[in-house]
Amino acid sequence: MIGSEACGDIMQVFIKVDNGVITDAKFKTFGCAAAIATSSTATEMIKGKTVDEALEVTNKKVIEVLGGLPPQKIHCSVLAEQAIKAAIEDYKSRHKS
């Protein structure tokens with residue numbers, strides 16, 4: 001779970017991985033419309049990618065797919081990137097090979 005005390009947005013990303021590929025991704029977000037949009041976009045972007053490929057999703061790529069964000073909402077895309085990385089770190093810690 002990733003959050004920002006400055007704005008109050010909280011994101012949590014859940015991933016389902018099969019043979020190293022993210023087959024499904026879901027999110028829970030408490031926050032503004034931009035926080036929800038970036039969470040949704042980010043989870044869609046990682047579906048079908050390997051875990052390592054998903055780590056390459058950045059806030060800038062999320063913004064690009066969304067077609068832009070107002071400057072005061074850029075932090076939402078950063079939270080989405082951080083939430084993806086947190087979900088992957090959690091997965092890797094549970095599935096050490």
# chains A, B, ... in the order shown; residues from 1 in each chain; ligands from 1
>>> select_by_dssp(residues="chain A", states="strand (DSSP E or B)", output="mmCIF file with N, CA, C and O atoms, in the first residue's frame")
data_model
loop_
_atom_site.group_PDB
_atom_site.id
_atom_site.type_symbol
_atom_site.label_atom_id
_atom_site.label_comp_id
_atom_site.auth_asym_id
_atom_site.auth_seq_id
_atom_site.Cartn_x
_atom_site.Cartn_y
_atom_site.Cartn_z
ATOM 1 N N ILE A 2 0.616 2.141 -0.891
ATOM 2 C CA ILE A 2 1.397 3.357 -1.061
ATOM 3 C C ILE A 2 0.466 4.543 -0.859
ATOM 4 O O ILE A 2 -0.669 4.531 -1.337
ATOM 5 N N GLY A 3 0.950 5.542 -0.154
ATOM 6 C CA GLY A 3 0.117 6.716 0.071
ATOM 7 C C GLY A 3 0.927 7.991 0.100
ATOM 8 O O GLY A 3 2.147 7.970 0.243
ATOM 9 N N ILE A 10 -4.306 7.131 -1.508
ATOM 10 C CA ILE A 10 -3.760 5.837 -1.101
ATOM 11 C C ILE A 10 -4.052 4.836 -2.209
ATOM 12 O O ILE A 10 -5.177 4.762 -2.707
ATOM 13 N N MET A 11 -3.016 4.072 -2.607
ATOM 14 C CA MET A 11 -3.164 3.073 -3.664
ATOM 15 C C MET A 11 -2.634 1.723 -3.191
ATOM 16 O O MET A 11 -1.633 1.669 -2.490
ATOM 17 N N GLN A 12 -3.326 0.694 -3.642
ATOM 18 C CA GLN A 12 -2.856 -0.659 -3.409
ATOM 19 C C GLN A 12 -3.067 -1.435 -4.699
ATOM 20 O O GLN A 12 -4.149 -1.386 -5.290
ATOM 21 N N VAL A 13 -2.013 -2.121 -5.147
ATOM 22 C CA VAL A 13 -2.076 -2.906 -6.381
ATOM 23 C C VAL A 13 -1.891 -4.374 -6.032
ATOM 24 O O VAL A 13 -1.029 -4.732 -5.230
ATOM 25 N N PHE A 14 -2.702 -5.207 -6.650
ATOM 26 C CA PHE A 14 -2.640 -6.655 -6.474
ATOM 27 C C PHE A 14 -2.342 -7.278 -7.832
ATOM 28 O O PHE A 14 -2.948 -6.890 -8.832
ATOM 29 N N ILE A 15 -1.413 -8.237 -7.855
ATOM 30 C CA ILE A 15 -1.083 -8.890 -9.120
ATOM 31 C C ILE A 15 -1.230 -10.396 -8.992
ATOM 32 O O ILE A 15 -0.991 -10.965 -7.931
ATOM 33 N N LYS A 16 -1.629 -11.015 -10.095
ATOM 34 C CA LYS A 16 -1.674 -12.472 -10.213
ATOM 35 C C LYS A 16 -0.621 -12.830 -11.242
ATOM 36 O O LYS A 16 -0.642 -12.304 -12.364
ATOM 37 N N VAL A 17 0.304 -13.709 -10.858
ATOM 38 C CA VAL A 17 1.426 -14.056 -11.719
ATOM 39 C C VAL A 17 1.394 -15.549 -12.014
ATOM 40 O O VAL A 17 1.223 -16.363 -11.114
ATOM 41 N N ASP A 18 1.549 -15.894 -13.284
ATOM 42 C CA ASP A 18 1.601 -17.286 -13.708
ATOM 43 C C ASP A 18 2.825 -17.459 -14.603
ATOM 44 O O ASP A 18 2.927 -16.790 -15.640
ATOM 45 N N VAL A 21 4.573 -14.266 -15.610
ATOM 46 C CA VAL A 21 3.813 -13.276 -16.372
ATOM 47 C C VAL A 21 2.626 -12.803 -15.530
ATOM 48 O O VAL A 21 1.917 -13.612 -14.925
ATOM 49 N N ILE A 22 2.419 -11.509 -15.508
ATOM 50 C CA ILE A 22 1.285 -10.944 -14.774
ATOM 51 C C ILE A 22 0.032 -11.194 -15.606
ATOM 52 O O ILE A 22 -0.145 -10.611 -16.678
ATOM 53 N N THR A 23 -0.807 -12.087 -15.106
ATOM 54 C CA THR A 23 -2.018 -12.447 -15.841
ATOM 55 C C THR A 23 -3.205 -11.580 -15.449
ATOM 56 O O THR A 23 -4.174 -11.486 -16.199
ATOM 57 N N ASP A 24 -3.132 -10.963 -14.276
ATOM 58 C CA ASP A 24 -4.204 -10.068 -13.850
ATOM 59 C C ASP A 24 -3.636 -9.058 -12.866
ATOM 60 O O ASP A 24 -2.673 -9.352 -12.150
ATOM 61 N N ALA A 25 -4.242 -7.899 -12.834
ATOM 62 C CA ALA A 25 -3.838 -6.843 -11.901
ATOM 63 C C ALA A 25 -5.085 -6.068 -11.511
ATOM 64 O O ALA A 25 -5.921 -5.746 -12.359
ATOM 65 N N LYS A 26 -5.205 -5.810 -10.231
ATOM 66 C CA LYS A 26 -6.345 -5.060 -9.690
ATOM 67 C C LYS A 26 -5.801 -3.959 -8.795
ATOM 68 O O LYS A 26 -4.651 -3.997 -8.373
ATOM 69 N N PHE A 27 -6.645 -3.010 -8.482
ATOM 70 C CA PHE A 27 -6.214 -1.928 -7.605
ATOM 71 C C PHE A 27 -7.341 -1.497 -6.683
ATOM 72 O O PHE A 27 -8.516 -1.690 -6.982
ATOM 73 N N LYS A 28 -6.946 -0.937 -5.563
ATOM 74 C CA LYS A 28 -7.846 -0.247 -4.650
ATOM 75 C C LYS A 28 -7.242 1.133 -4.471
ATOM 76 O O LYS A 28 -6.071 1.254 -4.129
ATOM 77 N N THR A 29 -8.014 2.147 -4.731
ATOM 78 C CA THR A 29 -7.495 3.507 -4.612
ATOM 79 C C THR A 29 -8.493 4.375 -3.869
ATOM 80 O O THR A 29 -9.692 4.355 -4.151
ATOM 81 N N PHE A 30 -7.967 5.120 -2.915
ATOM 82 C CA PHE A 30 -8.739 6.129 -2.215
ATOM 83 C C PHE A 30 -8.119 7.456 -2.597
ATOM 84 O O PHE A 30 -6.956 7.707 -2.297
ATOM 85 N N THR A 50 5.905 -9.625 -18.266
ATOM 86 C CA THR A 50 6.624 -10.362 -17.235
ATOM 87 C C THR A 50 6.797 -9.431 -16.039
ATOM 88 O O THR A 50 6.641 -8.204 -16.161
#
>>> select_by_dssp(residues="stretch 19-86 of chain A", states="alpha helix (DSSP H)", output="VMD selection string")
chain A and resid 33 to 46 51 to 54 59 to 66 74 to 86
>>> write_last_selection(atoms="C-alpha atoms", output="PDB file, in the first residue's frame")
ATOM      1  CA  ALA A  33     -10.138  11.068 -10.081  1.00  0.00           C
ATOM      2  CA  ALA A  34      -6.519  11.373 -11.250  1.00  0.00           C
ATOM      3  CA  ALA A  35      -5.415   8.841  -8.631  1.00  0.00           C
ATOM      4  CA  ILE A  36      -8.089   6.403  -9.782  1.00  0.00           C
ATOM      5  CA  ALA A  37      -7.280   6.966 -13.461  1.00  0.00           C
ATOM      6  CA  THR A  38      -3.547   6.441 -12.971  1.00  0.00           C
ATOM      7  CA  SER A  39      -4.145   3.294 -10.917  1.00  0.00           C
ATOM      8  CA  SER A  40      -6.465   1.869 -13.541  1.00  0.00           C
ATOM      9  CA  THR A  41      -4.140   2.741 -16.413  1.00  0.00           C
ATOM     10  CA  ALA A  42      -1.066   1.373 -14.651  1.00  0.00           C
ATOM     11  CA  THR A  43      -2.710  -1.969 -13.864  1.00  0.00           C
ATOM     12  CA  GLU A  44      -3.873  -2.320 -17.470  1.00  0.00           C
ATOM     13  CA  MET A  45      -0.344  -1.539 -18.672  1.00  0.00           C
ATOM     14  CA  ILE A  46       1.241  -4.384 -16.683  1.00  0.00           C
ATOM     15  CA  VAL A  51       7.358  -9.212 -13.713  1.00  0.00           C
ATOM     16  CA  ASP A  52      10.610  -7.642 -14.898  1.00  0.00           C
ATOM     17  CA  GLU A  53       8.909  -5.888 -17.828  1.00  0.00           C
ATOM     18  CA  ALA A  54       6.300  -4.467 -15.449  1.00  0.00           C
ATOM     19  CA  ASN A  59       4.994   7.445 -14.084  1.00  0.00           C
ATOM     20  CA  LYS A  60       5.948   9.170 -17.348  1.00  0.00           C
ATOM     21  CA  LYS A  61       4.658   6.193 -19.371  1.00  0.00           C
ATOM     22  CA  VAL A  62       1.401   6.235 -17.386  1.00  0.00           C
ATOM     23  CA  ILE A  63       0.983   9.953 -18.095  1.00  0.00           C
ATOM     24  CA  GLU A  64       1.685   9.338 -21.788  1.00  0.00           C
ATOM     25  CA  VAL A  65      -0.967   6.599 -22.025  1.00  0.00           C
ATOM     26  CA  LEU A  66      -3.459   8.875 -20.263  1.00  0.00           C
ATOM     27  CA  ILE A  74       1.646  14.291 -11.522  1.00  0.00           C
ATOM     28  CA  HIS A  75       2.123  12.860  -8.024  1.00  0.00           C
ATOM     29  CA  CYS A  76      -0.758  10.447  -8.742  1.00  0.00           C
ATOM     30  CA  SER A  77       1.223   8.816 -11.539  1.00  0.00           C
ATOM     31  CA  VAL A  78       4.229   8.558  -9.226  1.00  0.00           C
ATOM     32  CA  LEU A  79       2.071   6.772  -6.648  1.00  0.00           C
ATOM     33  CA  ALA A  80       0.843   4.355  -9.349  1.00  0.00           C
ATOM     34  CA  GLU A  81       4.435   3.531 -10.323  1.00  0.00           C
ATOM     35  CA  GLN A  82       5.374   3.035  -6.673  1.00  0.00           C
ATOM     36  CA  ALA A  83       2.320   0.820  -6.049  1.00  0.00           C
ATOM     37  CA  ILE A  84       3.275  -1.440  -8.984  1.00  0.00           C
ATOM     38  CA  LYS A  85       6.816  -1.739  -7.676  1.00  0.00           C
ATOM     39  CA  ALA A  86       5.524  -2.504  -4.162  1.00  0.00           C
TER      40      ALA A  86
END
>>> atom_distance(atom1="atom CA of A:Lys92", atom2="atom CA of A:Lys49")
15.1 Å
>>> atom_distance(atom1="atom CA of A:Lys73", atom2="atom CA of A:Lys47")
24.0 Å
